[in-house]
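J.: You'll find run20.tsv just under this line, and it carries TSV, C-alpha atoms.
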```tsv
chain	number	residue	atom	x	y	z
A	91	MET	CA	0.45	-4.08	13.33
A	92	THR	CA	-2.90	-3.28	11.73
A	93	GLN	CA	-6.30	-3.10	13.40
A	94	ILE	CA	-7.28	-6.53	12.12
A	95	GLU	CA	-4.00	-8.06	13.36
A	96	PHE	CA	-4.48	-6.53	16.80
A	97	ALA	CA	-8.07	-7.83	16.85
A	98	ARG	CA	-7.01	-11.36	15.96
A	99	LYS	CA	-4.56	-11.34	18.84
A	100	GLY	CA	-7.41	-10.36	21.16
A	101	LYS	CA	-6.15	-6.82	21.75
A	102	ILE	CA	-8.57	-3.89	22.01
A	103	THR	CA	-6.89	-0.80	20.55
A	104	PRO	CA	-7.67	2.84	21.43
A	105	GLU	CA	-9.37	3.08	18.04
A	106	MET	CA	-11.66	0.18	18.91
A	107	GLU	CA	-12.43	1.79	22.28
A	108	TYR	CA	-13.35	5.05	20.56
A	109	ILE	CA	-15.63	3.35	18.04
A	110	ALA	CA	-17.33	1.28	20.76
A	111	HIS	CA	-18.14	4.42	22.73
A	112	ASP	CA	-19.34	6.23	19.59
A	113	GLU	CA	-21.59	3.36	18.53
A	114	GLY	CA	-22.83	2.42	22.00
A	115	VAL	CA	-21.53	-1.15	21.82
A	116	SER	CA	-18.91	-3.10	23.73
A	117	PRO	CA	-15.22	-2.88	22.73
A	118	GLU	CA	-15.23	-6.67	22.51
A	119	TYR	CA	-17.96	-6.51	19.87
A	120	ILE	CA	-15.88	-4.15	17.74
A	121	ARG	CA	-12.74	-6.23	18.23
A	122	ASP	CA	-14.48	-9.46	17.25
A	123	GLY	CA	-16.15	-7.86	14.22
A	124	ILE	CA	-12.83	-6.58	12.95
A	125	ALA	CA	-11.17	-9.95	13.54
A	126	GLN	CA	-13.89	-11.63	11.45
A	127	GLY	CA	-13.66	-9.06	8.64
A	128	GLU	CA	-17.23	-7.92	9.33
A	129	ILE	CA	-16.31	-4.44	10.62
A	130	VAL	CA	-13.66	-2.01	9.37
A	131	ILE	CA	-12.25	1.10	11.03
A	132	LEU	CA	-11.48	3.68	8.35
A	133	THR	CA	-8.12	4.95	9.50
A	134	ASN	CA	-4.52	5.45	8.41
A	135	SER	CA	-1.80	4.40	10.80
A	136	LYS	CA	0.53	7.21	9.72
A	137	LYS	CA	-2.06	10.00	9.29
A	138	PRO	CA	-5.34	9.07	11.02
A	139	PRO	CA	-8.41	11.26	10.48
A	140	LYS	CA	-9.48	13.70	13.18
A	141	LYS	CA	-12.70	11.69	13.58
A	142	LEU	CA	-12.75	7.91	13.33
A	143	ILE	CA	-15.63	6.05	11.70
A	144	ALA	CA	-16.32	2.31	11.54
A	145	VAL	CA	-18.49	0.49	9.03
A	146	GLY	CA	-20.04	-2.93	9.36
A	147	LYS	CA	-22.24	-5.44	11.12
A	148	GLY	CA	-24.42	-4.13	13.96
A	149	LEU	CA	-23.30	-0.51	13.55
A	150	ARG	CA	-25.34	2.43	12.34
A	151	THR	CA	-25.45	2.80	8.57
A	152	LYS	CA	-22.88	5.33	7.38
A	153	VAL	CA	-23.24	7.93	4.61
A	154	ASN	CA	-20.59	9.01	2.11
A	155	ALA	CA	-20.56	12.18	-0.01
A	156	ASN	CA	-18.76	12.25	-3.36
A	157	ILE	CA	-17.21	15.50	-4.54
A	158	GLY	CA	-14.53	16.33	-7.10
A	159	THR	CA	-13.59	18.24	-10.21
A	160	SER	CA	-13.79	17.40	-13.90
A	161	GLU	CA	-11.49	18.33	-16.78
A	162	GLU	CA	-14.09	20.89	-17.88
A	163	HIS	CA	-14.65	22.42	-14.44
A	164	ALA	CA	-11.93	22.40	-11.79
A	165	VAL	CA	-12.32	25.08	-9.12
A	166	LEU	CA	-10.71	24.15	-5.81
A	167	GLU	CA	-12.69	26.72	-3.81
A	168	GLU	CA	-15.95	25.07	-4.90
A	169	GLU	CA	-14.76	21.66	-3.73
A	170	ILE	CA	-13.75	23.14	-0.38
A	171	GLU	CA	-17.25	24.60	-0.05
A	172	LYS	CA	-18.80	21.23	-0.93
A	173	ALA	CA	-16.67	19.51	1.71
A	174	LYS	CA	-17.81	22.02	4.33
A	175	VAL	CA	-21.45	21.58	3.29
A	176	ALA	CA	-21.06	17.80	3.57
A	177	ILE	CA	-19.77	18.25	7.12
A	178	GLU	CA	-22.69	20.51	8.05
A	179	ALA	CA	-25.23	18.10	6.56
A	180	GLY	CA	-23.80	15.16	8.50
A	181	ALA	CA	-21.76	13.08	6.04
A	182	ASP	CA	-19.69	10.42	7.81
A	183	THR	CA	-17.09	10.20	5.04
A	184	ILE	CA	-16.15	11.95	1.83
A	185	MET	CA	-14.62	10.79	-1.44
A	186	ASP	CA	-12.57	12.97	-3.75
A	187	LEU	CA	-13.29	11.81	-7.32
A	188	SER	CA	-11.44	14.64	-9.05
A	189	THR	CA	-10.27	14.23	-12.64
A	190	GLY	CA	-9.42	17.85	-13.46
A	191	GLY	CA	-6.99	20.46	-12.16
A	192	GLU	CA	-4.09	19.85	-9.77
A	193	LEU	CA	-5.22	16.47	-8.48
A	194	ALA	CA	-2.73	16.07	-5.64
A	195	LYS	CA	-3.34	19.61	-4.36
A	196	ILE	CA	-7.12	19.12	-4.47
A	197	ARG	CA	-6.86	15.84	-2.57
A	198	ARG	CA	-4.57	17.23	0.12
A	199	THR	CA	-6.71	20.32	0.60
A	200	ILE	CA	-9.92	18.32	1.01
A	201	ARG	CA	-8.09	16.01	3.44
A	202	GLU	CA	-7.30	19.06	5.60
A	203	VAL	CA	-10.87	20.40	5.45
A	204	PHE	CA	-12.84	17.21	6.16
A	205	PRO	CA	-12.36	15.75	9.68
A	206	GLY	CA	-13.72	12.28	9.02
A	207	PRO	CA	-12.38	9.48	6.83
A	208	MET	CA	-11.66	10.27	3.19
A	209	GLY	CA	-11.63	7.95	0.22
A	210	THR	CA	-10.29	8.20	-3.32
A	211	VAL	CA	-10.11	6.23	-6.58
A	212	PRO	CA	-6.37	6.27	-7.39
A	213	ILE	CA	-6.80	4.83	-10.91
A	214	TYR	CA	-8.36	8.17	-11.90
A	215	GLU	CA	-5.15	10.06	-11.16
A	216	ALA	CA	-2.91	7.40	-12.68
A	217	ALA	CA	-4.98	7.34	-15.87
A	218	ILE	CA	-5.35	11.13	-16.11
A	219	ASN	CA	-1.60	11.62	-15.67
A	220	ALA	CA	-0.90	9.06	-18.40
A	221	ALA	CA	-3.31	10.84	-20.72
A	222	ARG	CA	-1.77	14.23	-19.96
A	223	ASN	CA	1.88	13.21	-20.06
A	224	LYS	CA	1.98	10.29	-22.51
A	225	GLY	CA	-0.98	10.89	-24.80
A	226	GLY	CA	-3.34	8.20	-23.59
A	227	ILE	CA	-4.50	5.92	-20.78
A	228	ILE	CA	-3.18	2.91	-22.69
A	229	PHE	CA	0.39	4.15	-22.11
A	230	MET	CA	0.01	4.03	-18.33
A	231	ASP	CA	2.77	2.02	-16.66
A	232	GLU	CA	1.76	-0.69	-14.19
A	233	ASN	CA	4.07	0.74	-11.55
A	234	GLU	CA	2.35	4.11	-11.82
A	235	ILE	CA	-0.88	2.57	-10.56
A	236	PHE	CA	0.74	1.29	-7.38
A	237	ASP	CA	2.84	4.44	-6.92
A	238	THR	CA	-0.34	6.52	-7.09
A	239	ILE	CA	-2.10	4.34	-4.52
A	240	GLU	CA	0.84	4.76	-2.16
A	241	ALA	CA	0.90	8.53	-2.74
A	242	HIS	CA	-2.76	8.70	-1.70
A	243	ALA	CA	-2.01	6.68	1.43
A	244	LYS	CA	0.90	9.00	2.28
A	245	ASP	CA	-1.46	11.97	1.98
A	246	GLY	CA	-3.71	10.53	4.69
A	247	VAL	CA	-6.41	8.85	2.60
A	248	ASN	CA	-8.28	6.24	4.66
A	249	PHE	CA	-9.90	4.04	2.02
A	250	VAL	CA	-9.32	3.53	-1.69
A	251	THR	CA	-11.58	2.10	-4.34
A	252	VAL	CA	-9.63	-0.49	-6.34
A	253	HIS	CA	-11.22	-2.40	-9.22
A	254	CYS	CA	-9.41	-5.69	-8.66
A	255	GLY	CA	-12.31	-7.76	-10.00
A	256	VAL	CA	-12.14	-6.29	-13.52
A	257	THR	CA	-10.21	-9.09	-15.21
A	258	LEU	CA	-10.14	-10.57	-18.68
A	259	GLU	CA	-12.03	-13.58	-17.32
A	260	THR	CA	-14.84	-11.53	-15.81
A	261	PHE	CA	-14.96	-9.48	-19.02
A	262	THR	CA	-15.92	-12.60	-20.98
A	263	ARG	CA	-19.12	-12.77	-18.92
A	264	LEU	CA	-19.91	-9.19	-19.88
A	265	LYS	CA	-19.30	-9.82	-23.57
A	266	ASN	CA	-21.70	-12.74	-23.53
A	267	GLU	CA	-24.36	-10.94	-21.50
A	268	GLY	CA	-25.94	-8.57	-24.03
A	269	ARG	CA	-26.19	-5.67	-21.61
A	270	LEU	CA	-28.10	-2.52	-22.35
A	271	MET	CA	-25.46	-0.25	-20.75
A	272	ASN	CA	-22.28	-2.38	-20.78
A	273	ILE	CA	-19.67	-0.72	-18.49
A	274	VAL	CA	-20.70	2.42	-16.60
A	275	SER	CA	-17.94	2.38	-13.98
A	276	ARG	CA	-15.35	5.01	-14.91
A	277	GLY	CA	-12.58	3.18	-13.07
A	278	GLY	CA	-13.64	-0.15	-14.51
A	279	ALA	CA	-13.61	1.28	-18.03
A	280	MET	CA	-10.15	2.79	-17.51
A	281	HIS	CA	-8.77	-0.58	-16.46
A	282	LEU	CA	-10.44	-2.44	-19.31
A	283	VAL	CA	-9.22	-0.03	-21.99
A	284	TRP	CA	-5.66	-0.48	-20.71
A	285	MET	CA	-6.02	-4.26	-20.50
A	286	LEU	CA	-7.36	-4.70	-24.02
A	287	ALA	CA	-4.80	-2.34	-25.55
A	288	ASN	CA	-1.86	-3.93	-23.75
A	289	LYS	CA	-3.14	-7.50	-23.92
A	290	LYS	CA	-2.48	-7.91	-20.20
A	291	ASP	CA	-4.66	-8.65	-17.22
A	292	ASN	CA	-5.47	-6.11	-14.51
A	293	PRO	CA	-2.29	-5.32	-12.53
A	294	LEU	CA	-4.34	-4.87	-9.36
A	295	HIS	CA	-5.38	-8.51	-9.66
A	296	THR	CA	-2.15	-9.92	-11.05
A	297	TYR	CA	-0.07	-8.19	-8.36
A	298	PHE	CA	-2.68	-8.14	-5.62
A	299	ASP	CA	-0.02	-8.94	-3.02
A	300	ARG	CA	1.76	-5.69	-3.88
A	301	LEU	CA	-1.49	-3.81	-3.25
A	302	LEU	CA	-1.82	-5.60	0.09
A	303	GLU	CA	1.68	-4.51	1.11
A	304	ILE	CA	0.76	-0.85	0.60
A	305	ALA	CA	-2.57	-1.18	2.40
A	306	HIS	CA	-0.92	-3.04	5.28
A	307	GLU	CA	1.84	-0.47	5.73
A	308	TYR	CA	-0.67	2.35	6.17
A	309	ASP	CA	-3.56	0.27	7.57
A	310	ILE	CA	-5.95	1.74	5.02
A	311	THR	CA	-9.10	-0.07	3.95
A	312	LEU	CA	-9.44	-1.51	0.46
A	313	SER	CA	-12.87	-0.80	-0.97
A	314	LEU	CA	-13.11	-3.47	-3.66
A	315	GLY	CA	-14.92	-1.69	-6.48
A	316	ASP	CA	-17.63	-3.09	-8.69
A	317	GLY	CA	-16.32	-2.26	-12.15
A	318	PHE	CA	-19.08	-4.30	-13.78
A	319	ARG	CA	-21.92	-2.79	-11.77
A	320	PRO	CA	-25.16	-2.40	-13.73
A	321	GLY	CA	-25.99	1.04	-15.12
A	322	SER	CA	-29.59	0.11	-15.79
A	323	ILE	CA	-32.06	-1.93	-13.79
A	324	LYS	CA	-32.36	-4.13	-16.90
A	325	ASP	CA	-28.75	-5.27	-16.39
A	326	ALA	CA	-28.93	-5.91	-12.64
A	327	THR	CA	-27.78	-9.16	-11.03
A	328	ASP	CA	-26.44	-10.57	-14.29
A	329	ARG	CA	-23.57	-13.00	-14.79
A	330	ALA	CA	-20.89	-10.32	-15.16
A	331	GLN	CA	-21.86	-8.65	-11.90
A	332	ILE	CA	-22.04	-11.91	-9.97
A	333	GLN	CA	-18.80	-13.26	-11.45
A	334	GLU	CA	-17.02	-10.13	-10.25
A	335	LEU	CA	-18.66	-10.36	-6.82
A	336	ILE	CA	-17.45	-13.94	-6.37
A	337	LEU	CA	-13.92	-12.89	-7.24
A	338	LEU	CA	-14.09	-9.96	-4.81
A	339	GLY	CA	-15.13	-12.37	-2.08
A	340	GLU	CA	-12.02	-14.47	-2.70
A	341	LEU	CA	-9.81	-11.36	-2.66
A	342	LYS	CA	-11.42	-10.20	0.57
A	343	GLU	CA	-10.34	-13.39	2.30
A	344	ARG	CA	-6.79	-13.04	0.97
A	345	ALA	CA	-6.65	-9.46	2.20
A	346	ASN	CA	-7.96	-10.27	5.66
A	347	LYS	CA	-5.39	-13.06	6.04
A	348	ALA	CA	-2.71	-10.51	5.16
A	349	GLY	CA	-3.96	-8.14	7.86
A	350	VAL	CA	-5.78	-5.74	5.54
A	351	GLN	CA	-9.32	-4.46	6.09
A	352	VAL	CA	-11.80	-4.70	3.20
A	353	MET	CA	-15.19	-3.36	2.14
A	354	ILE	CA	-17.14	-4.53	-0.91
A	355	GLU	CA	-18.81	-2.03	-3.22
A	356	GLY	CA	-22.25	-2.81	-4.55
A	357	PRO	CA	-24.24	-2.19	-7.71
A	358	GLY	CA	-25.89	1.12	-8.48
A	359	HIS	CA	-29.01	0.36	-10.54
A	360	ILE	CA	-31.15	-2.45	-9.11
A	361	PRO	CA	-34.90	-3.05	-9.42
A	362	ILE	CA	-36.49	-2.79	-6.02
A	363	GLU	CA	-37.39	-6.48	-5.85
A	364	GLU	CA	-33.72	-7.50	-6.24
A	365	ILE	CA	-32.20	-5.37	-3.47
A	366	GLU	CA	-32.54	-8.00	-0.76
A	367	LEU	CA	-31.10	-10.64	-3.10
A	368	ASN	CA	-28.06	-8.46	-3.84
A	369	VAL	CA	-27.36	-7.81	-0.17
A	370	ARG	CA	-27.68	-11.49	0.67
A	371	LEU	CA	-25.40	-12.49	-2.20
A	372	GLU	CA	-22.71	-10.07	-1.05
A	373	LYS	CA	-22.92	-11.20	2.56
A	374	LYS	CA	-22.76	-14.86	1.54
A	375	HIS	CA	-19.98	-14.73	-1.05
A	376	CYS	CA	-17.90	-12.10	0.78
A	377	LYS	CA	-18.23	-13.62	4.26
A	378	ASN	CA	-20.20	-10.71	5.75
A	379	ALA	CA	-17.75	-8.02	4.60
A	380	PRO	CA	-19.11	-4.48	5.01
A	381	PHE	CA	-21.25	-3.66	1.97
A	382	TYR	CA	-20.92	-0.18	0.41
A	383	VAL	CA	-23.68	0.63	-2.07
A	384	LEU	CA	-24.38	3.48	-4.48
A	385	GLY	CA	-28.05	4.22	-3.94
A	386	PRO	CA	-29.22	1.72	-5.04
A	387	VAL	CA	-31.00	3.51	-7.88
A	388	VAL	CA	-34.30	1.68	-8.36
A	389	THR	CA	-35.51	3.26	-11.61
A	390	ASP	CA	-33.71	4.70	-14.64
A	391	ILE	CA	-36.30	7.34	-15.57
A	392	ALA	CA	-35.90	10.08	-12.94
A	393	PRO	CA	-32.87	12.28	-13.73
A	394	GLY	CA	-33.02	15.34	-11.54
A	395	TYR	CA	-34.71	13.34	-8.79
A	396	ASP	CA	-32.26	10.47	-8.45
A	397	HIS	CA	-31.54	11.46	-4.85
A	398	VAL	CA	-35.14	10.51	-4.06
A	399	VAL	CA	-34.90	7.31	-6.11
A	400	ALA	CA	-31.65	6.36	-4.35
A	401	ALA	CA	-33.07	7.13	-0.91
A	402	ILE	CA	-35.83	4.60	-1.55
A	403	GLY	CA	-33.27	2.01	-2.59
A	404	GLY	CA	-30.85	2.95	0.17
A	405	ALA	CA	-33.45	2.62	2.92
A	406	LEU	CA	-34.32	-0.86	1.71
A	407	ALA	CA	-30.68	-1.88	1.25
A	408	ALA	CA	-29.83	-0.72	4.78
A	409	SER	CA	-32.84	-2.55	6.19
A	410	TYR	CA	-31.57	-5.76	4.55
A	411	GLY	CA	-28.05	-5.33	5.92
A	412	ALA	CA	-26.08	-2.95	3.68
A	413	ASP	CA	-23.64	-1.04	5.88
A	414	PHE	CA	-22.60	2.06	3.95
A	415	LEU	CA	-24.62	4.27	1.58
A	416	CYS	CA	-22.92	6.44	-1.01
A	417	TYR	CA	-25.16	9.41	-1.53
A	418	VAL	CA	-26.76	10.36	-4.82
A	419	THR	CA	-27.53	14.02	-5.57
A	420	PRO	CA	-30.12	15.67	-7.82
A	421	SER	CA	-27.27	16.16	-10.33
A	422	GLU	CA	-26.60	12.43	-10.73
A	423	HIS	CA	-26.43	11.57	-14.45
A	424	LEU	CA	-26.65	15.28	-15.35
A	425	ALA	CA	-23.74	17.37	-14.05
A	426	LEU	CA	-21.26	17.96	-11.24
A	427	PRO	CA	-23.18	18.61	-8.01
A	428	THR	CA	-23.43	22.12	-6.64
A	429	PRO	CA	-22.96	22.74	-2.91
A	430	GLU	CA	-26.73	22.76	-2.53
A	431	ASP	CA	-26.93	19.43	-4.38
A	432	VAL	CA	-24.39	18.05	-1.92
A	433	ARG	CA	-26.49	19.21	1.01
A	434	GLU	CA	-29.64	17.71	-0.48
A	435	GLY	CA	-27.89	14.44	-1.24
A	436	VAL	CA	-26.39	14.02	2.23
A	437	ILE	CA	-29.60	14.86	4.08
A	438	THR	CA	-31.72	12.60	1.87
A	439	THR	CA	-29.29	9.72	2.26
A	440	ARG	CA	-29.01	10.19	6.02
A	441	ILE	CA	-32.79	9.86	6.24
A	442	ALA	CA	-32.56	6.64	4.22
A	443	ALA	CA	-29.81	5.32	6.50
A	444	HIS	CA	-31.89	6.14	9.57
A	445	ILE	CA	-34.91	4.34	8.16
A	446	GLY	CA	-32.77	1.27	7.51
A	447	ASP	CA	-31.32	1.42	11.01
A	448	LEU	CA	-34.78	1.39	12.52
A	449	ALA	CA	-35.18	-2.07	11.03
A	450	THR	CA	-31.77	-3.53	11.79
A	451	VAL	CA	-29.67	-1.92	14.52
A	452	SER	CA	-30.30	-3.50	17.88
A	453	TYR	CA	-27.78	-3.52	20.70
A	454	THR	CA	-29.85	-5.58	23.13
A	455	HIS	CA	-27.55	-8.58	22.66
A	456	LEU	CA	-24.43	-6.59	23.47
A	457	THR	CA	-22.72	-5.51	26.66
A	458	LEU	CA	-23.06	-1.73	26.65
A	459	PRO	CA	-20.31	0.51	28.03
A	460	THR	CA	-20.75	1.34	31.71
A	461	LYS	CA	-21.83	4.93	32.29
A	462	ALA	CA	-19.45	7.05	34.30
```
Would you give me this structure, written as structure tokens?

T.:
Amino acid sequence: MTQIEFARKGKITPEMEYIAHDEGVSPEYIRDGIAQGEIVILTNSKKPPKKLIAVGKGLRTKVNANIGTSEEHAVLEEEIEKAKVAIEAGADTIMDLSTGGELAKIRRTIREVFPGPMGTVPIYEAAINAARNKGGIIFMDENEIFDTIEAHAKDGVNFVTVHCGVTLETFTRLKNEGRLMNIVSRGGAMHLVWMLANKKDNPLHTYFDRLLEIAHEYDITLSLGDGFRPGSIKDATDRAQIQELILLGELKERANKAGVQVMIEGPGHIPIEEIELNVRLEKKHCKNAPFYVLGPVVTDIAPGYDHVVAAIGGALAASYGADFLCYVTPSEHLALPTPEDVREGVITTRIAAHIGDLATVSYTHLTLPTKA
């Protein structure tokens, strides 16, 4: 059984006990939040992380650090150093976004180094392997996508970004929108290129039940990615973004009914006056699912200082109810982050999360654990 299935039967698992103690809330609060799909425990039933983390309603805002190679620069030792720096700076989770080098080896090594939950974007590996072995992403086989997701789960990954809301229907909204930046999500673009070339819809949506079977077997969390997220504040909160969000809300309910935990990923570039609206829209249409946001980045004109820009947006998003902040480093939009960029990004984002928590986290309505 998965954590959400245990919770719905009224059972408090050792994982729920651990999280309750860590967060300073009652085990019943954690259990009920998981049962409602408002809290997720980032775990893996076959290979749990050394340190458990939960994300969601009434808990402290968590911080994620992205690391990973590129085709032009793939040095495993550097990624190990970045992972260690992220630990020292206080990152709650890490994501390996590698697209260069020996992808499986890089993922497994980072999994061994980082004690907390780890996330990945499996479509990257599936697409890169198709490009390397078959000559192009468009030749990727549907089964390879699901096989890659399962391989990540077997390696002990705790949450995966899956762009299930990038469909031919949602794409029509984008075509009619007149965006400045169109698609800036790498995973979203990979899916769309394959879909248009093969004249098929997104396998992750068409065969969503197959994805749920994998996630259920390993009790990993699906982080439903925002493939149509805006890449400029000019494009924020448009029809394409909202159409995808509505679809993700429907998929979240299907997943929860199947015993699978879900987070929803949020847009990157949002003008400051629309942050509250975006959080409220996610909470309404996705039934209070944990909201995982990049930044948000509240202006497009500060490359080199986007960690500051994102901290401003992140503090506001957390204060309005966002649950999980993906850090932004000074290298955002410019280059791969250095270890020092990682440190700067984590610390800046932790400050933003703390500021948001000052406005939202209150345990006065809960039964606190009894002190020994």

J.: Could you pull the residues within 7 Å of segment 143-148 of chain A, counting only C-alpha atoms, minus those fewer than 2 positions along the same chain, as an NGL selection string?

T.: :A and (109 or 128-132 or 141 or 150 or 152 or 207 or 380 or 413-414 or 451)

J.: With distances taken over all atoms listed in the file, which of A:Cys376, A:Lys140, A:Val165, A:Asn134 is nearest to Asp182 of chain A?

T.: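 For Asp182 of chain A, the nearest of the given residues is A:Lys140.
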
J.: Using only C-alpha atoms, can you list as an mmCIF file with C-alpha atoms, in the frame of the given file the residues within 12 Å of (-27.7, 19.7, 9.9)?

T.:
```cif
data_model
loop_
_atom_site.group_PDB
_atom_site.id
_atom_site.type_symbol
_atom_site.label_atom_id
_atom_site.label_comp_id
_atom_site.auth_asym_id
_atom_site.auth_seq_id
_atom_site.Cartn_x
_atom_site.Cartn_y
_atom_site.Cartn_z
ATOM 1 C CA LYS A 174 -17.810 22.020 4.330
ATOM 2 C CA VAL A 175 -21.450 21.580 3.290
ATOM 3 C CA ALA A 176 -21.060 17.800 3.570
ATOM 4 C CA ILE A 177 -19.770 18.250 7.120
ATOM 5 C CA GLU A 178 -22.690 20.510 8.050
ATOM 6 C CA ALA A 179 -25.230 18.100 6.560
ATOM 7 C CA GLY A 180 -23.800 15.160 8.500
ATOM 8 C CA ALA A 181 -21.760 13.080 6.040
ATOM 9 C CA ARG A 433 -26.490 19.210 1.010
ATOM 10 C CA GLU A 434 -29.640 17.710 -0.480
ATOM 11 C CA VAL A 436 -26.390 14.020 2.230
ATOM 12 C CA ILE A 437 -29.600 14.860 4.080
ATOM 13 C CA THR A 438 -31.720 12.600 1.870
ATOM 14 C CA ARG A 440 -29.010 10.190 6.020
ATOM 15 C CA ILE A 441 -32.790 9.860 6.240
#
```

J.: Need the neighbours of (-10.9, -11.4, 1.4): which residues are at most 10 Å away, counting all atoms listed in the file, as JSON, numbers by chain?

T.: {"A": [127, 314, 337, 338, 339, 340, 341, 342, 343, 344, 345, 346, 347, 348, 350, 351, 352, 353, 354, 375, 376, 377, 379]}

J.: Report the distance between atom CA of Glu95 of chain A and atom CA of Asn233 of chain A in Å, rounded to one decimal place.

T.: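 Rounded to one decimal, the two atoms are 27.6 Å apart.
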
J.: With all atoms listed in the file as the atoms that count, which of A:Leu301, A:Ala330, A:Ile360, A:Met208 lies nearest to Asp237 of chain A?

T.: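 With all atoms listed in the file as the atom set, the closest residue is A:Leu301.
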
J.: Show which residues sit within 12 Å of Pro104 of chain A, as number ranges by chain. Count only C-alpha atoms, and ignore same-chain residues fewer than 6 positions away.

T.: A: 93, 96-97, 110-111, 117, 120-121, 131, 142

J.: Using the atoms already present, construct N, CA, C and O atoms for segment 376-389 of chain A and hand them back as a PDB file, in the coordinates of the input.

T.:
```
ATOM      1  N   CYS A 376     -19.010 -12.907   0.248  1.00  0.00           N
ATOM      2  CA  CYS A 376     -17.900 -12.100   0.780  1.00  0.00           C
ATOM      3  C   CYS A 376     -17.777 -12.232   2.285  1.00  0.00           C
ATOM      4  O   CYS A 376     -17.155 -11.384   2.948  1.00  0.00           O
ATOM      5  N   LYS A 377     -18.365 -13.284   2.842  1.00  0.00           N
ATOM      6  CA  LYS A 377     -18.230 -13.620   4.260  1.00  0.00           C
ATOM      7  C   LYS A 377     -18.549 -12.422   5.173  1.00  0.00           C
ATOM      8  O   LYS A 377     -17.781 -12.060   6.048  1.00  0.00           O
ATOM      9  N   ASN A 378     -19.693 -11.792   4.905  1.00  0.00           N
ATOM     10  CA  ASN A 378     -20.200 -10.710   5.750  1.00  0.00           C
ATOM     11  C   ASN A 378     -19.310  -9.463   5.755  1.00  0.00           C
ATOM     12  O   ASN A 378     -19.338  -8.675   6.713  1.00  0.00           O
ATOM     13  N   ALA A 379     -18.536  -9.259   4.709  1.00  0.00           N
ATOM     14  CA  ALA A 379     -17.750  -8.020   4.600  1.00  0.00           C
ATOM     15  C   ALA A 379     -18.694  -6.825   4.558  1.00  0.00           C
ATOM     16  O   ALA A 379     -19.813  -6.922   4.027  1.00  0.00           O
ATOM     17  N   PRO A 380     -18.291  -5.681   5.118  1.00  0.00           N
ATOM     18  CA  PRO A 380     -19.110  -4.480   5.010  1.00  0.00           C
ATOM     19  C   PRO A 380     -19.463  -4.190   3.551  1.00  0.00           C
ATOM     20  O   PRO A 380     -18.604  -4.282   2.666  1.00  0.00           O
ATOM     21  N   PHE A 381     -20.734  -3.851   3.327  1.00  0.00           N
ATOM     22  CA  PHE A 381     -21.250  -3.660   1.970  1.00  0.00           C
ATOM     23  C   PHE A 381     -21.527  -2.173   1.747  1.00  0.00           C
ATOM     24  O   PHE A 381     -22.294  -1.548   2.475  1.00  0.00           O
ATOM     25  N   TYR A 382     -20.880  -1.614   0.738  1.00  0.00           N
ATOM     26  CA  TYR A 382     -20.920  -0.180   0.410  1.00  0.00           C
ATOM     27  C   TYR A 382     -21.666  -0.027  -0.908  1.00  0.00           C
ATOM     28  O   TYR A 382     -21.184  -0.462  -1.955  1.00  0.00           O
ATOM     29  N   VAL A 383     -22.842   0.585  -0.875  1.00  0.00           N
ATOM     30  CA  VAL A 383     -23.680   0.630  -2.070  1.00  0.00           C
ATOM     31  C   VAL A 383     -23.926   2.059  -2.544  1.00  0.00           C
ATOM     32  O   VAL A 383     -24.018   2.990  -1.753  1.00  0.00           O
ATOM     33  N   LEU A 384     -24.020   2.215  -3.869  1.00  0.00           N
ATOM     34  CA  LEU A 384     -24.380   3.480  -4.480  1.00  0.00           C
ATOM     35  C   LEU A 384     -25.880   3.490  -4.697  1.00  0.00           C
ATOM     36  O   LEU A 384     -26.401   2.815  -5.583  1.00  0.00           O
ATOM     37  N   GLY A 385     -26.587   4.228  -3.872  1.00  0.00           N
ATOM     38  CA  GLY A 385     -28.050   4.220  -3.940  1.00  0.00           C
ATOM     39  C   GLY A 385     -28.614   3.138  -3.026  1.00  0.00           C
ATOM     40  O   GLY A 385     -28.594   3.312  -1.803  1.00  0.00           O
ATOM     41  N   PRO A 386     -29.085   2.032  -3.614  1.00  0.00           N
ATOM     42  CA  PRO A 386     -29.220   1.720  -5.040  1.00  0.00           C
ATOM     43  C   PRO A 386     -30.277   2.582  -5.739  1.00  0.00           C
ATOM     44  O   PRO A 386     -31.245   3.031  -5.117  1.00  0.00           O
ATOM     45  N   VAL A 387     -30.068   2.775  -7.033  1.00  0.00           N
ATOM     46  CA  VAL A 387     -31.000   3.510  -7.880  1.00  0.00           C
ATOM     47  C   VAL A 387     -32.016   2.510  -8.414  1.00  0.00           C
ATOM     48  O   VAL A 387     -31.653   1.561  -9.106  1.00  0.00           O
ATOM     49  N   VAL A 388     -33.291   2.718  -8.092  1.00  0.00           N
ATOM     50  CA  VAL A 388     -34.300   1.680  -8.360  1.00  0.00           C
ATOM     51  C   VAL A 388     -35.168   1.957  -9.585  1.00  0.00           C
ATOM     52  O   VAL A 388     -36.076   1.172  -9.894  1.00  0.00           O
ATOM     53  N   THR A 389     -34.902   3.042 -10.305  1.00  0.00           N
ATOM     54  CA  THR A 389     -35.510   3.260 -11.610  1.00  0.00           C
ATOM     55  C   THR A 389     -34.568   4.117 -12.429  1.00  0.00           C
ATOM     56  O   THR A 389     -33.789   4.908 -11.883  1.00  0.00           O
TER      57      THR A 389
END
```
